[in-house]
2 protein chains.
Amino acid sequence: MADINLKVRAAGFADRPGSATPGPGDAREPSWDIIELLFFAYRDFVGDPDVVLSKLAFGRAHHRVLHFVNRNPGIKVADLLGILNITKQSLGRVLKQLIDEGYVLQKEGAQDRRQRLLYVTAKGEALASKLASLQTQRITRALAELGPGAHEAARRFLIAMIDAENRDDVVRLIARGDHVRKQRA
Amino acid sequence: MADINLKVRAAGFADRPGSATPGPGDAREPSWDIIELLFFAYRDFVGDPDVVLSKLAFGRAHHRVLHFVNRNPGIKVADLLGILNITKQSLGRVLKQLIDEGYVLQKEGAQDRRQRLLYVTAKGEALASKLASLQTQRITRALAELGPGAHEAARRFLIAMIDAENRDDVVRLIARGDHVRKQRA
DNA sequence: AATTTATGTCAGCCATATTGACATATTCTC
DNA sequence: GAGAATATGTCAATATGGCTGACATAAATT
């Protein structure tokens, strides 16, 4: 789906300037490898679901919403906004489409009736699962190619890459998603 | 820059349905952890440069172009399009701005005078370095928190996540960038 | 001379994000 | 109970960064 032409003939091609001893603390050589690998890996990772989504006239925004509602049944709109880091106006349009087409529904909060708690429908869960399965295939294949410790290593690397302030929240969010009884309304 | 509220009171909270023995080959439990960690890690990773970019009225599109031109001095427009996976019309607008504001310049190809080879100016290299240093700080901090093998483990994981067909090209692209003599025109 | 290639550009469209203002219902607080 | 704060929704305008299609130019290739 995306091939890369590498016919770049660099005008000069001498040896590396200096081997750049990474002095502790101060400015280091940029981590070009990880920077670029993250770019390409993420590009392919989010590319898988795009094919399915485009058939439904949905985009990545819909995927993100559907994903987190599926993983966090009963999530409040405000919390979803916090996770996605977008404004309610942006969420509004996308969410409305998902609701209108029967992938997501809202229920009035039991304790607080101002809240509109979000749930996936059966249809929504089916789509979310389909998309997750595509991404899981890629992950499973990747981890299978590497050693047995690869899953844990990847986990720890990715967690360490998250803003320190958010890290605990994210880990808890993931853990809670794993324990929530899947329930649609 | 983006905190997450986790006040989601899931309506139900019983134990996990089944421990899901991952039978080889067939449909597995989704890799929720890696899926979500990739989302959050990437969000924070690209978030760092955004702050700097927005002051210059640039976006992520400018960052990507500047990054790959900086890393691949003398790159052809066509190759840049292949790497970014966008159309020339999309590139056009962004590239024009970078050129107009003196971050990038074009030179006619020596062998093939149809080509417009792209180079960063000193100003462009300074900005690219600044952005890369922000991302490098995050990566360096993350890897320092983990063991000594963490860099190699992250590398291998990310490479394995890339489409198999592109993998070799990407690895070569990164390696070549590391050896090219940095030269501005 | 004719074709192909590399690039640029015009025009219009779409998706997704933003800000700001305002509306409504509900809950909380004094 | 009145007033403030909260959760959500909505209207309007705007920006960014993608897209397609059509067309133009110059240079290389055949």
# chains A, B, ... in the order shown; residues from 1 in each chain; ligands from 1
$ residues_around --residues "region 45-59 of chain A" --least-positions-apart "3" --cutoff "10 Å" --atoms "only C-alpha atoms (C1' of nucleotides)" --output "ChimeraX atom specification"
/A:1-2,39-42,62-64,94,97-98,127-128,130-139 /B:35,38-39,161-163 /C:15-16
$ interface_residues --of "chain B" --to "chain D" --cutoff "12 Å" --atoms "only C-alpha atoms (C1' of nucleotides)" --output "PyMOL selection string"
chain B and resi 54+57-62+84-94+108-109+111-116
$ residues_around --residues "Tyr119 (chain A)" --least-positions-apart "2" --cutoff "10 Å" --atoms "only C-alpha atoms (C1' of nucleotides)" --output "mmCIF file with C-alpha atoms, in the first residue's frame"
data_model
loop_
_atom_site.group_PDB
_atom_site.id
_atom_site.type_symbol
_atom_site.label_atom_id
_atom_site.label_comp_id
_atom_site.auth_asym_id
_atom_site.auth_seq_id
_atom_site.Cartn_x
_atom_site.Cartn_y
_atom_site.Cartn_z
ATOM 1 C CA LEU A 66 -15.321 3.616 18.456
ATOM 2 C CA PHE A 68 -12.311 3.837 23.210
ATOM 3 C CA VAL A 69 -16.051 3.521 23.630
ATOM 4 C CA ASN A 70 -15.768 -0.190 22.967
ATOM 5 C CA ARG A 71 -12.972 -0.539 25.470
ATOM 6 C CA ASN A 72 -14.648 1.666 28.072
ATOM 7 C CA PRO A 73 -18.351 1.032 28.000
ATOM 8 C CA GLY A 74 -20.210 3.731 29.863
ATOM 9 C CA ILE A 75 -17.513 6.314 29.286
ATOM 10 C CA LYS A 76 -18.539 9.920 29.736
ATOM 11 C CA ILE A 99 -24.799 7.111 16.711
ATOM 12 C CA TYR A 103 -22.569 1.822 16.106
ATOM 13 C CA VAL A 104 -22.736 3.726 19.361
ATOM 14 C CA LEU A 105 -25.546 4.731 21.677
ATOM 15 C CA GLN A 106 -25.937 7.038 24.601
ATOM 16 C CA LYS A 107 -27.590 6.396 27.925
ATOM 17 C CA ARG A 116 -24.547 10.867 28.329
ATOM 18 C CA LEU A 117 -22.730 7.609 28.871
ATOM 19 C CA THR A 121 -23.983 -1.543 20.036
ATOM 20 C CA ALA A 122 -23.504 -5.099 18.814
ATOM 21 C CA GLY A 124 -20.300 -1.262 16.913
ATOM 22 C CA GLU A 125 -18.549 -3.977 18.819
ATOM 23 C CA LYS A 182 -18.038 -6.172 28.026
ATOM 24 C CA GLN A 183 -21.512 -4.862 28.075
ATOM 25 C CA ARG A 184 -23.562 -3.160 25.488
ATOM 26 C CA ALA A 185 -26.689 -1.305 26.350
#
$ interface_residues --of "chain C" --to "chain A" --cutoff "7 Å" --atoms "only C-alpha atoms (C1' of nucleotides)" --output "PyMOL selection string"
chain C and resi 17+25-26
$ select_by_dssp --residues "region 39-181 of chain A" --states "alpha helix (DSSP H)" --output "PyMOL selection string"
chain A and resi 39-55+60-71+77-84+88-100+122-145+150-161+164-179
$ closest_residue --among "B:Val120, B:Ala142, B:Val170, B:Ala164" --to "chain A" --atoms "only C-alpha atoms"
B:Ala142
$ atom_distance --atom1 "CA of Val65 (chain A)" --atom2 "CA of Ile174 (chain A)"
15.3 Å
$ residues_around --residues "Ala153 (chain A)" --least-positions-apart "6" --cutoff "8 Å" --atoms "only C-alpha atoms (C1' of nucleotides)" --output "number ranges by chain"
B: 150, 153-154
$ atom_distance --atom1 "CA of Asp178 (chain B)" --atom2 "CA of Ile34 (chain A)"
12.4 Å
$ closest_residue --among "A:Leu80, A:Gly149, A:Pro30, A:Leu118" --to "chain B" --atoms "only C-alpha atoms"
A:Pro30
$ select_by_dssp --residues "chain B" --states "strand (DSSP E or B)" --output "ChimeraX atom specification"
/B:75,104-108,116-120
